[in-house]
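Undergrad: Just upload-v4.json, nothing more (JSON, C-alpha atoms and all ligand atoms):
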[["chain", "number", "residue", "atom", "x", "y", "z"],
["O", 1, "MET", "CA", 91.87, 67.80, -71.96],
["O", 2, "PRO", "CA", 89.81, 70.58, -73.57],
["O", 3, "SER", "CA", 92.09, 73.02, -75.40],
["O", 4, "LYS", "CA", 92.20, 76.45, -73.85],
["O", 5, "ILE", "CA", 90.69, 79.17, -76.05],
["O", 6, "PRO", "CA", 92.80, 82.31, -75.68],
["O", 7, "GLN", "CA", 91.01, 85.26, -74.13],
["O", 8, "THR", "CA", 89.99, 87.92, -76.64],
["O", 9, "VAL", "CA", 92.07, 91.09, -76.35],
["O", 10, "THR", "CA", 91.12, 94.13, -78.43],
["O", 11, "ARG", "CA", 92.44, 97.66, -78.53],
["O", 12, "PHE", "CA", 91.69, 101.18, -79.71],
["O", 13, "ALA", "CA", 94.74, 103.07, -80.97],
["O", 14, "PRO", "CA", 94.04, 106.76, -81.60],
["O", 15, "SER", "CA", 96.64, 109.27, -82.75],
["O", 16, "PRO", "CA", 96.52, 112.38, -80.53],
["O", 17, "SER", "CA", 96.44, 114.84, -83.39],
["O", 18, "GLY", "CA", 92.91, 116.10, -82.85],
["O", 19, "TYR", "CA", 89.74, 115.61, -80.84],
["O", 20, "LEU", "CA", 87.85, 112.34, -80.95],
["O", 21, "HIS", "CA", 85.00, 112.46, -83.45],
["O", 22, "LEU", "CA", 82.11, 110.15, -84.27],
["O", 23, "GLY", "CA", 84.19, 107.95, -86.56],
["O", 24, "HIS", "CA", 86.69, 107.33, -83.75],
["O", 25, "ALA", "CA", 83.85, 106.69, -81.31],
["O", 26, "HIS", "CA", 82.50, 104.04, -83.70],
["O", 27, "SER", "CA", 85.91, 102.37, -83.86],
["O", 28, "ALA", "CA", 86.43, 102.52, -80.09],
["O", 29, "LEU", "CA", 82.95, 101.13, -79.37],
["O", 30, "PHE", "CA", 83.46, 98.39, -81.95],
["O", 31, "ALA", "CA", 86.64, 97.20, -80.18],
["O", 32, "TRP", "CA", 85.19, 97.64, -76.68],
["O", 33, "ARG", "CA", 81.99, 95.73, -77.52],
["O", 34, "ALA", "CA", 83.98, 92.90, -79.16],
["O", 35, "ALA", "CA", 86.01, 92.48, -75.96],
["O", 36, "ARG", "CA", 82.95, 92.68, -73.72],
["O", 37, "GLU", "CA", 80.90, 90.21, -75.75],
["O", 38, "ALA", "CA", 83.78, 87.73, -75.59],
["O", 39, "LYS", "CA", 84.37, 88.45, -71.88],
["O", 40, "GLY", "CA", 87.82, 89.59, -72.93],
["O", 41, "ARG", "CA", 90.04, 92.61, -72.34],
["O", 42, "PHE", "CA", 90.02, 96.04, -73.96],
["O", 43, "LEU", "CA", 93.23, 98.08, -74.14],
["O", 44, "LEU", "CA", 94.22, 101.53, -75.28],
["O", 45, "ARG", "CA", 97.28, 102.69, -77.13],
["O", 46, "ILE", "CA", 98.21, 106.26, -77.93],
["O", 47, "GLU", "CA", 99.93, 106.45, -81.31],
["O", 48, "ASP", "CA", 102.01, 109.52, -80.53],
["O", 49, "ILE", "CA", 105.02, 108.93, -82.76],
["O", 50, "ASP", "CA", 103.85, 111.37, -85.38],
["O", 51, "ASN", "CA", 105.59, 114.02, -83.28],
["O", 52, "PRO", "CA", 104.83, 117.30, -85.03],
["O", 53, "ARG", "CA", 101.07, 116.76, -84.94],
["O", 54, "SER", "CA", 100.83, 115.02, -81.54],
["O", 55, "ASP", "CA", 99.72, 117.18, -78.68],
["O", 56, "PRO", "CA", 99.49, 116.00, -75.04],
["O", 57, "ALA", "CA", 96.34, 118.10, -74.64],
["O", 58, "PHE", "CA", 94.59, 115.87, -77.19],
["O", 59, "MET", "CA", 95.73, 112.74, -75.29],
["O", 60, "ASP", "CA", 93.93, 113.87, -72.15],
["O", 61, "ALA", "CA", 90.90, 114.95, -74.15],
["O", 62, "ILE", "CA", 90.68, 111.56, -75.89],
["O", 63, "LEU", "CA", 90.73, 109.65, -72.60],
["O", 64, "GLU", "CA", 88.18, 112.00, -71.10],
["O", 65, "ASP", "CA", 85.83, 111.66, -74.09],
["O", 66, "LEU", "CA", 86.11, 107.86, -74.10],
["O", 67, "SER", "CA", 85.30, 107.70, -70.45],
["O", 68, "TRP", "CA", 82.37, 110.15, -70.88],
["O", 69, "LEU", "CA", 81.07, 107.81, -73.61],
["O", 70, "GLY", "CA", 81.01, 105.04, -71.01],
["O", 71, "LEU", "CA", 84.05, 103.03, -72.09],
["O", 72, "ASP", "CA", 86.51, 101.52, -69.64],
["O", 73, "TRP", "CA", 89.90, 100.01, -70.35],
["O", 74, "GLU", "CA", 92.77, 98.31, -68.64],
["O", 75, "THR", "CA", 95.74, 100.30, -67.53],
["O", 76, "PRO", "CA", 98.48, 101.06, -68.29],
["O", 77, "VAL", "CA", 97.79, 102.83, -71.58],
["O", 78, "LEU", "CA", 100.65, 102.15, -73.98],
["O", 79, "HIS", "CA", 102.32, 105.17, -75.60],
["O", 80, "GLN", "CA", 104.27, 104.54, -78.77],
["O", 81, "SER", "CA", 106.74, 107.27, -77.87],
["O", 82, "GLU", "CA", 107.98, 104.96, -75.06],
["O", 83, "ARG", "CA", 108.67, 102.13, -77.47],
["O", 84, "LEU", "CA", 111.47, 103.49, -79.64],
["O", 85, "ASP", "CA", 113.99, 100.90, -78.33],
["O", 86, "ALA", "CA", 111.71, 98.04, -79.34],
["O", 87, "TYR", "CA", 111.28, 99.52, -82.83],
["O", 88, "ALA", "CA", 115.07, 99.94, -83.16],
["O", 89, "ALA", "CA", 115.68, 96.32, -82.10],
["O", 90, "ALA", "CA", 113.22, 95.04, -84.73],
["O", 91, "LEU", "CA", 114.88, 97.18, -87.40],
["O", 92, "ASP", "CA", 118.29, 95.74, -86.43],
["O", 93, "HIS", "CA", 116.87, 92.24, -86.74],
["O", 94, "LEU", "CA", 115.48, 92.90, -90.21],
["O", 95, "ARG", "CA", 118.66, 94.68, -91.28],
["O", 96, "ASP", "CA", 120.77, 91.70, -90.13],
["O", 97, "LYS", "CA", 118.67, 89.50, -92.38],
["O", 98, "GLY", "CA", 119.47, 91.79, -95.32],
["O", 99, "LEU", "CA", 115.84, 92.84, -95.75],
["O", 100, "LEU", "CA", 116.20, 96.62, -95.34],
["O", 101, "TYR", "CA", 117.93, 99.23, -97.43],
["O", 102, "PRO", "CA", 118.52, 102.92, -96.87],
["O", 103, "CYS", "CA", 116.46, 105.20, -99.09],
["O", 104, "PHE", "CA", 117.71, 108.72, -99.73],
["O", 105, "CYS", "CA", 114.86, 109.73, -102.04],
["O", 106, "THR", "CA", 112.66, 112.71, -101.33],
["O", 107, "ARG", "CA", 108.97, 112.89, -102.17],
["O", 108, "SER", "CA", 109.76, 115.14, -105.11],
["O", 109, "SER", "CA", 112.57, 112.93, -106.44],
["O", 110, "ILE", "CA", 110.20, 109.93, -106.30],
["O", 111, "ARG", "CA", 107.53, 111.91, -108.16],
["O", 112, "ALA", "CA", 110.06, 112.96, -110.81],
["O", 113, "GLU", "CA", 111.33, 109.40, -111.23],
["O", 114, "ILE", "CA", 107.79, 108.06, -111.64],
["O", 115, "ALA", "CA", 106.92, 110.79, -114.17],
["O", 116, "ALA", "CA", 110.10, 110.07, -116.15],
["O", 117, "SER", "CA", 109.32, 106.35, -116.29],
["O", 118, "GLY", "CA", 106.02, 107.08, -118.01],
["O", 119, "GLN", "CA", 104.25, 104.70, -115.61],
["O", 120, "ALA", "CA", 102.48, 105.52, -112.40],
["O", 121, "PRO", "CA", 101.79, 102.29, -110.53],
["O", 122, "HIS", "CA", 99.42, 102.95, -107.69],
["O", 123, "GLY", "CA", 99.07, 100.70, -104.67],
["O", 124, "PRO", "CA", 96.99, 100.73, -101.51],
["O", 125, "SER", "CA", 99.53, 103.07, -99.87],
["O", 126, "GLY", "CA", 99.64, 105.50, -102.82],
["O", 127, "ALA", "CA", 102.26, 105.69, -105.57],
["O", 128, "VAL", "CA", 104.43, 102.58, -105.56],
["O", 129, "TYR", "CA", 108.08, 103.34, -104.84],
["O", 130, "PRO", "CA", 110.07, 102.72, -108.04],
["O", 131, "GLY", "CA", 112.93, 101.05, -106.16],
["O", 132, "THR", "CA", 115.53, 103.72, -106.95],
["O", 133, "CYS", "CA", 117.71, 103.11, -103.87],
["O", 134, "ARG", "CA", 117.27, 99.33, -103.78],
["O", 135, "ASP", "CA", 120.14, 98.62, -106.13],
["O", 136, "LEU", "CA", 122.57, 101.31, -105.02],
["O", 137, "SER", "CA", 126.07, 99.91, -104.54],
["O", 138, "GLU", "CA", 127.56, 99.82, -101.06],
["O", 139, "THR", "CA", 130.02, 102.51, -102.20],
["O", 140, "ALA", "CA", 127.22, 104.81, -103.37],
["O", 141, "ARG", "CA", 125.35, 104.25, -100.09],
["O", 142, "ALA", "CA", 128.43, 105.00, -98.02],
["O", 143, "ALA", "CA", 129.13, 108.15, -100.06],
["O", 144, "ARG", "CA", 125.63, 109.48, -99.50],
["O", 145, "MET", "CA", 125.80, 108.71, -95.81],
["O", 146, "ASN", "CA", 129.17, 110.46, -95.55],
["O", 147, "GLU", "CA", 127.63, 113.52, -97.19],
["O", 148, "GLY", "CA", 125.13, 113.46, -94.33],
["O", 149, "LYS", "CA", 122.13, 112.86, -96.60],
["O", 150, "PRO", "CA", 119.09, 111.92, -94.53],
["O", 151, "TYR", "CA", 117.63, 108.50, -95.22],
["O", 152, "GLY", "CA", 114.76, 106.26, -94.25],
["O", 153, "LEU", "CA", 114.75, 102.46, -94.29],
["O", 154, "ARG", "CA", 112.64, 100.47, -96.73],
["O", 155, "LEU", "CA", 111.67, 96.82, -96.63],
["O", 156, "ASP", "CA", 112.73, 94.84, -99.69],
["O", 157, "ILE", "CA", 109.35, 93.20, -100.24],
["O", 158, "ALA", "CA", 110.53, 90.64, -102.82],
["O", 159, "LYS", "CA", 113.34, 89.43, -100.56],
["O", 160, "ALA", "CA", 111.03, 89.38, -97.56],
["O", 161, "LEU", "CA", 108.41, 87.27, -99.36],
["O", 162, "ALA", "CA", 111.07, 84.90, -100.67],
["O", 163, "ARG", "CA", 111.83, 84.21, -97.01],
["O", 164, "THR", "CA", 108.27, 83.79, -95.75],
["O", 165, "GLY", "CA", 106.48, 82.26, -98.75],
["O", 166, "PRO", "CA", 102.79, 83.06, -99.36],
["O", 167, "LEU", "CA", 100.83, 84.34, -96.38],
["O", 168, "THR", "CA", 97.17, 84.51, -95.45],
["O", 169, "TRP", "CA", 95.26, 86.22, -92.67],
["O", 170, "THR", "CA", 91.73, 86.06, -91.34],
["O", 171, "ASP", "CA", 89.19, 88.85, -91.14],
["O", 172, "LEU", "CA", 86.13, 87.92, -89.09],
["O", 173, "GLY", "CA", 83.86, 89.71, -91.57],
["O", 174, "LYS", "CA", 85.55, 88.76, -94.83],
["O", 175, "GLY", "CA", 87.12, 85.37, -94.16],
["O", 176, "GLU", "CA", 90.57, 84.19, -95.18],
["O", 177, "ILE", "CA", 92.54, 86.69, -97.23],
["O", 178, "GLN", "CA", 95.61, 86.00, -99.33],
["O", 179, "ALA", "CA", 98.19, 88.65, -98.46],
["O", 180, "ALA", "CA", 99.53, 90.62, -101.44],
["O", 181, "PRO", "CA", 102.35, 92.79, -100.04],
["O", 182, "PRO", "CA", 103.98, 93.52, -103.43],
["O", 183, "ALA", "CA", 101.05, 95.79, -104.32],
["O", 184, "HIS", "CA", 102.46, 98.27, -101.78],
["O", 185, "GLY", "CA", 106.00, 98.31, -103.17],
["O", 186, "ASP", "CA", 108.96, 98.55, -100.79],
["O", 187, "VAL", "CA", 107.30, 100.26, -97.82],
["O", 188, "VAL", "CA", 109.13, 102.58, -95.45],
["O", 189, "LEU", "CA", 109.76, 100.96, -92.05],
["O", 190, "ALA", "CA", 111.76, 103.82, -90.56],
["O", 191, "ARG", "CA", 111.09, 107.38, -91.65],
["O", 192, "LYS", "CA", 113.81, 109.97, -91.93],
["O", 193, "ASP", "CA", 112.37, 111.95, -89.02],
["O", 194, "ILE", "CA", 111.13, 109.05, -86.84],
["O", 195, "ALA", "CA", 113.03, 105.78, -86.49],
["O", 196, "THR", "CA", 109.86, 103.77, -87.13],
["O", 197, "SER", "CA", 106.69, 103.85, -89.21],
["O", 198, "TYR", "CA", 102.99, 103.16, -88.77],
["O", 199, "HIS", "CA", 103.44, 99.61, -90.11],
["O", 200, "LEU", "CA", 106.30, 98.65, -87.83],
["O", 201, "ALA", "CA", 104.96, 100.29, -84.67],
["O", 202, "VAL", "CA", 101.42, 98.93, -85.00],
["O", 203, "THR", "CA", 102.65, 95.39, -85.63],
["O", 204, "LEU", "CA", 105.09, 95.37, -82.73],
["O", 205, "ASP", "CA", 102.69, 97.06, -80.35],
["O", 206, "ASP", "CA", 99.79, 94.73, -81.07],
["O", 207, "ALA", "CA", 102.13, 91.82, -80.26],
["O", 208, "LYS", "CA", 103.45, 93.55, -77.14],
["O", 209, "GLN", "CA", 99.93, 94.20, -75.87],
["O", 210, "GLY", "CA", 98.86, 90.61, -76.61],
["O", 211, "VAL", "CA", 96.08, 91.77, -78.93],
["O", 212, "THR", "CA", 94.25, 88.73, -80.35],
["O", 213, "LEU", "CA", 91.66, 90.63, -82.41],
["O", 214, "VAL", "CA", 92.74, 93.78, -84.26],
["O", 215, "THR", "CA", 89.69, 95.92, -85.06],
["O", 216, "ARG", "CA", 89.86, 99.07, -87.16],
["O", 217, "GLY", "CA", 88.24, 100.80, -90.12],
["O", 218, "GLU", "CA", 88.16, 99.04, -93.47],
["O", 219, "ASP", "CA", 90.18, 101.88, -95.00],
["O", 220, "LEU", "CA", 93.16, 100.23, -93.27],
["O", 221, "LEU", "CA", 92.37, 96.70, -94.49],
["O", 222, "PRO", "CA", 95.00, 96.66, -97.26],
["O", 223, "MET", "CA", 97.68, 97.60, -94.72],
["O", 224, "THR", "CA", 97.17, 94.26, -92.97],
["O", 225, "ASP", "CA", 99.09, 92.51, -95.77],
["O", 226, "ILE", "CA", 102.21, 94.35, -94.64],
["O", 227, "HIS", "CA", 101.53, 93.71, -90.95],
["O", 228, "ARG", "CA", 101.09, 90.00, -91.65],
["O", 229, "LEU", "CA", 104.43, 89.97, -93.49],
["O", 230, "LEU", "CA", 106.18, 91.72, -90.60],
["O", 231, "GLN", "CA", 104.70, 89.24, -88.13],
["O", 232, "ALA", "CA", 106.16, 86.38, -90.18],
["O", 233, "LEU", "CA", 109.58, 88.05, -90.43],
["O", 234, "LEU", "CA", 109.73, 88.94, -86.75],
["O", 235, "ASP", "CA", 108.24, 85.69, -85.39],
["O", 236, "LEU", "CA", 105.29, 87.46, -83.81],
["O", 237, "PRO", "CA", 101.95, 85.85, -82.94],
["O", 238, "VAL", "CA", 99.26, 86.22, -85.59],
["O", 239, "PRO", "CA", 95.99, 87.74, -84.35],
["O", 240, "GLN", "CA", 92.66, 87.83, -86.16],
["O", 241, "TRP", "CA", 91.35, 91.04, -87.65],
["O", 242, "HIS", "CA", 87.93, 92.59, -88.01],
["O", 243, "HIS", "CA", 87.81, 95.63, -90.26],
["O", 244, "HIS", "CA", 84.59, 97.54, -89.77],
["O", 245, "GLY", "CA", 82.69, 99.72, -92.22],
["O", 246, "LEU", "CA", 83.13, 103.48, -91.95],
["O", 247, "LEU", "CA", 80.39, 105.71, -90.60],
["O", 248, "CYS", "CA", 78.35, 107.46, -93.26],
["O", 249, "ASP", "CA", 75.83, 110.28, -93.07],
["O", 250, "GLU", "CA", 72.21, 109.88, -94.18],
["O", 251, "THR", "CA", 73.20, 110.50, -97.81],
["O", 252, "GLY", "CA", 75.72, 107.66, -97.70],
["O", 253, "GLN", "CA", 78.77, 109.96, -97.68],
["O", 254, "ARG", "CA", 81.70, 108.97, -95.46],
["O", 255, "LEU", "CA", 81.89, 111.27, -92.43],
["O", 256, "ALA", "CA", 84.73, 113.71, -92.83],
["O", 257, "LYS", "CA", 87.32, 113.24, -90.11],
["O", 258, "ARG", "CA", 87.96, 116.91, -89.75],
["O", 259, "ASN", "CA", 84.36, 117.97, -89.26],
["O", 260, "ASP", "CA", 84.50, 119.81, -85.93],
["O", 261, "ALA", "CA", 80.74, 119.57, -85.46],
["O", 262, "LEU", "CA", 81.16, 115.81, -85.13],
["O", 263, "ALA", "CA", 83.77, 116.03, -82.38],
["O", 264, "ILE", "CA", 82.53, 114.21, -79.30],
["O", 265, "ARG", "CA", 83.10, 117.31, -77.20],
["O", 266, "ALA", "CA", 81.08, 119.48, -79.57],
["O", 267, "LEU", "CA", 78.16, 117.05, -79.36],
["O", 268, "ARG", "CA", 78.53, 116.95, -75.61],
["O", 269, "GLN", "CA", 78.56, 120.72, -75.37],
["O", 270, "ALA", "CA", 75.48, 120.80, -77.59],
["O", 271, "GLY", "CA", 73.69, 118.86, -74.84],
["O", 272, "LYS", "CA", 73.76, 115.31, -76.21],
["O", 273, "SER", "CA", 73.95, 112.48, -73.67],
["O", 274, "PRO", "CA", 76.52, 109.66, -73.87],
["O", 275, "ALA", "CA", 73.75, 107.27, -74.98],
["O", 276, "GLU", "CA", 72.72, 109.66, -77.77],
["O", 277, "VAL", "CA", 76.30, 110.00, -78.97],
["O", 278, "ARG", "CA", 76.82, 106.22, -78.82],
["O", 279, "ALA", "CA", 73.71, 105.87, -80.99],
["O", 280, "LEU", "CA", 75.02, 108.48, -83.45],
["O", 281, "ALA", "CA", 78.23, 106.45, -83.56],
["O", 282, "GLY", "CA", 76.27, 103.38, -84.62],
["O", 283, "PHE", "CA", 75.86, 101.72, -81.22],
["O", 284, "PRO", "CA", 72.35, 102.36, -79.93],
["O", 285, "GLY", "CA", 71.18, 100.71, -76.72],
["S", 301, "LIG", "N1", 96.31, 105.27, -85.15],
["S", 301, "LIG", "C1", 95.55, 104.78, -86.25],
["S", 301, "LIG", "C2", 94.42, 105.75, -86.55],
["S", 301, "LIG", "O1", 94.12, 106.60, -85.70],
["S", 301, "LIG", "C3", 94.96, 103.42, -85.95],
["S", 301, "LIG", "C4", 95.80, 102.36, -86.49],
["S", 301, "LIG", "C5", 95.29, 100.96, -86.34],
["S", 301, "LIG", "O2", 94.26, 100.73, -85.71],
["S", 301, "LIG", "O3", 95.96, 100.07, -86.82],
["S", 301, "LIG", "O4", 93.86, 105.69, -87.62]]
Kindly transcribe the structure held in the file into structure tokens.
TA:
Amino acid sequence: MPSKIPQTVTRFAPSPSGYLHLGHAHSALFAWRAAREAKGRFLLRIEDIDNPRSDPAFMDAILEDLSWLGLDWETPVLHQSERLDAYAAALDHLRDKGLLYPCFCTRSSIRAEIAASGQAPHGPSGAVYPGTCRDLSETARAARMNEGKPYGLRLDIAKALARTGPLTWTDLGKGEIQAAPPAHGDVVLARKDIATSYHLAVTLDDAKQGVTLVTRGEDLLPMTDIHRLLQALLDLPVPQWHHHGLLCDETGQRLAKRNDALAIRALRQAGKSPAEVRALAGFPG
């Protein structure tokens, strides 16, 4: 019997913290085209867990701009804010395996610790966490919790990798990639203010939505090492990835995300047609 090739499922996952601009349009069109060319499905997800900067007005504007651009998607649209129970369950699972630890550090205490150590290891996610809270005794942890000190949860990367062994993942443009999670240090999986993080939410939501091909800008490529690790720890299916180049202007400079003149609605108000804006976003014709 011929083996059944799974249908391609892609997604676009904007954060509603501003209007859609040309860079987003490029990303959305990239995912939409990939689904269409494979006769697959295209889904949307609103990454609205970054509460202080999320604004429902932007959510409506994003959907309206995408539809003006000529994109269509399957409903329902997933909202991360509805998924907090799923994130909590995954955190419990990882905690039961002994892979998480509470971190009471603040940004400034981490900076001070790094400065005092005389080293400043830098990873793809910025300064690498020096591991201050990893080796706190249970008594010290309990004392801090009793004092009501806020804490996030970090993944003990060394312990996690000892469990999974080496991991690889496939990018359709770049081929097979050896995952190197330790370069990130012990990443935060639950922030102090939100009981999840970008890494955890994106990984769980892609699995929930049955995404088989994760497309996004190549600035996020290094993050995939962490997502691949989480998939292995949480027994989630492993999709393929395709990280696309970022839009540049005619001088080769990356388009600034916060350039209001490049907002889709500004271009629309300036009289551009959807086809013209699609072409500006790198998808002519
Ligand atoms: N919400 C993220 C962004 O707007 C996208 C994350 C992803 O595609 O993994 O950059």
Undergrad: Between O:Ala201, O:Val214, O:Cys105, O:Ile264, which has the minimum distance to Pro150 in chain O (counting all atoms listed in the file)?
TA: O:Cys105
Undergrad: Which residues, written as a VMD selection string, have at least one atom at most 10 Å from range 141-149 of chain O, with all atoms listed in the file counted and residues fewer than 3 positions away on the same chain left out?
TA: chain O and resid 101 to 105 133 135 to 138 192
Undergrad: Could you report the residues within 6 Å of ligand LIG 301 (chain S), using all atoms listed in the file, as a ChimeraX atom specification?
TA: /O:13-15,47,202,216
Undergrad: I want to know what sits within 7 Å of Ala207 in chain O, based on only C-alpha atoms, with residues of the same chain fewer than 4 positions away left out; could you give that as a PyMOL selection string?
TA: chain O and resi 203+211+236-237
Undergrad: Pull the closest atom pair for each residue of range 210-285 of chain O that gets at most 9 Å from range 26-31 of chain O, along with the distance in Å to one decimal, counting all atoms listed in the file, ordering rows by chain and then ascending residue number, as CSV.
TA:
residue,atom,partner,partner_atom,distance
O:Leu213,CA,O:Ala31,CA,8.6
O:Val214,CA,O:Ala31,CA,8.1
O:Thr215,CA,O:Ala31,CA,5.9
O:Arg216,CA,O:Ser27,CA,6.1
O:Gly217,CA,O:Ser27,CA,6.9
O:His244,CA,O:Ser27,CA,7.7
O:Leu246,CA,O:His26,CA,8.3
O:Leu247,CA,O:His26,CA,7.4
O:Arg278,CA,O:His26,CA,7.8
O:Leu280,CA,O:His26,CA,8.7
O:Ala281,CA,O:His26,CA,4.9
O:Gly282,CA,O:His26,CA,6.3
O:Phe283,CA,O:Leu29,CA,7.4
Undergrad: Enter the distance from CA of Ile49 in chain O to CA of His242 in chain O, in Å, rounded to one decimal.
TA: 24.2 Å
Undergrad: For Thr8 in chain O, which of O:Pro121, O:Pro181, O:Gly252, O:Gly40 is the closest residue, counting all atoms listed in the file?
TA: O:Gly40
Undergrad: Please list as number ranges by chain every residue within 10 Å of Leu43 in chain O, counting all atoms listed in the file and excluding residues in the same chain fewer than 2 positions away.
TA: O: 9-13, 31-32, 35, 41, 45, 72-78, 209-211
Undergrad: Please write range 245-252 of chain O of the preceding block to a file containing all heavy atoms, as a PDB file, in the first residue's frame?
TA:
ATOM      1  N   GLY O 245      14.359  34.296   4.676  1.00  0.00           N
ATOM      2  CA  GLY O 245      15.162  35.508   4.822  1.00  0.00           C
ATOM      3  C   GLY O 245      14.271  36.686   5.211  1.00  0.00           C
ATOM      4  O   GLY O 245      13.052  36.652   5.020  1.00  0.00           O
ATOM      5  N   LEU O 246      14.891  37.717   5.762  1.00  0.00           N
ATOM      6  CA  LEU O 246      14.104  38.882   6.194  1.00  0.00           C
ATOM      7  C   LEU O 246      14.109  39.919   5.082  1.00  0.00           C
ATOM      8  O   LEU O 246      15.086  40.037   4.335  1.00  0.00           O
ATOM      9  CB  LEU O 246      14.707  39.450   7.477  1.00  0.00           C
ATOM     10  CG  LEU O 246      14.774  38.421   8.610  1.00  0.00           C
ATOM     11  CD1 LEU O 246      15.512  38.994   9.812  1.00  0.00           C
ATOM     12  CD2 LEU O 246      13.390  37.950   9.029  1.00  0.00           C
ATOM     13  N   LEU O 247      13.014  40.644   4.986  1.00  0.00           N
ATOM     14  CA  LEU O 247      12.898  41.652   3.919  1.00  0.00           C
ATOM     15  C   LEU O 247      13.916  42.774   4.119  1.00  0.00           C
ATOM     16  O   LEU O 247      14.092  43.267   5.233  1.00  0.00           O
ATOM     17  CB  LEU O 247      11.515  42.291   3.971  1.00  0.00           C
ATOM     18  CG  LEU O 247      10.375  41.690   3.166  1.00  0.00           C
ATOM     19  CD1 LEU O 247       9.253  42.710   3.051  1.00  0.00           C
ATOM     20  CD2 LEU O 247      10.810  41.214   1.801  1.00  0.00           C
ATOM     21  N   CYS O 248      14.532  43.167   3.040  1.00  0.00           N
ATOM     22  CA  CYS O 248      15.501  44.264   3.114  1.00  0.00           C
ATOM     23  C   CYS O 248      15.076  45.384   2.162  1.00  0.00           C
ATOM     24  O   CYS O 248      14.332  45.138   1.212  1.00  0.00           O
ATOM     25  CB  CYS O 248      16.873  43.783   2.679  1.00  0.00           C
ATOM     26  SG  CYS O 248      17.583  42.616   3.833  1.00  0.00           S
ATOM     27  N   ASP O 249      15.550  46.581   2.425  1.00  0.00           N
ATOM     28  CA  ASP O 249      15.255  47.674   1.482  1.00  0.00           C
ATOM     29  C   ASP O 249      16.277  47.626   0.341  1.00  0.00           C
ATOM     30  O   ASP O 249      17.141  46.737   0.302  1.00  0.00           O
ATOM     31  CB  ASP O 249      15.232  49.039   2.199  1.00  0.00           C
ATOM     32  CG  ASP O 249      16.580  49.409   2.783  1.00  0.00           C
ATOM     33  OD1 ASP O 249      17.589  48.805   2.352  1.00  0.00           O
ATOM     34  OD2 ASP O 249      16.629  50.275   3.666  1.00  0.00           O
ATOM     35  N   GLU O 250      16.208  48.628  -0.564  1.00  0.00           N
ATOM     36  CA  GLU O 250      17.073  48.541  -1.750  1.00  0.00           C
ATOM     37  C   GLU O 250      18.561  48.682  -1.406  1.00  0.00           C
ATOM     38  O   GLU O 250      19.424  48.272  -2.163  1.00  0.00           O
ATOM     39  CB  GLU O 250      16.640  49.491  -2.883  1.00  0.00           C
ATOM     40  CG  GLU O 250      16.368  50.942  -2.605  1.00  0.00           C
ATOM     41  CD  GLU O 250      15.189  51.233  -1.655  1.00  0.00           C
ATOM     42  OE1 GLU O 250      14.273  50.406  -1.466  1.00  0.00           O
ATOM     43  OE2 GLU O 250      15.223  52.332  -1.076  1.00  0.00           O
ATOM     44  N   THR O 251      18.853  49.185  -0.169  1.00  0.00           N
ATOM     45  CA  THR O 251      20.274  49.290   0.197  1.00  0.00           C
ATOM     46  C   THR O 251      20.742  48.045   0.960  1.00  0.00           C
ATOM     47  O   THR O 251      21.866  47.995   1.461  1.00  0.00           O
ATOM     48  CB  THR O 251      20.515  50.538   1.077  1.00  0.00           C
ATOM     49  OG1 THR O 251      19.843  50.322   2.333  1.00  0.00           O
ATOM     50  CG2 THR O 251      20.022  51.812   0.443  1.00  0.00           C
ATOM     51  N   GLY O 252      19.837  47.070   1.089  1.00  0.00           N
ATOM     52  CA  GLY O 252      20.238  45.823   1.755  1.00  0.00           C
ATOM     53  C   GLY O 252      20.034  45.853   3.263  1.00  0.00           C
ATOM     54  O   GLY O 252      20.401  44.924   3.969  1.00  0.00           O
TER      55      GLY O 252
END
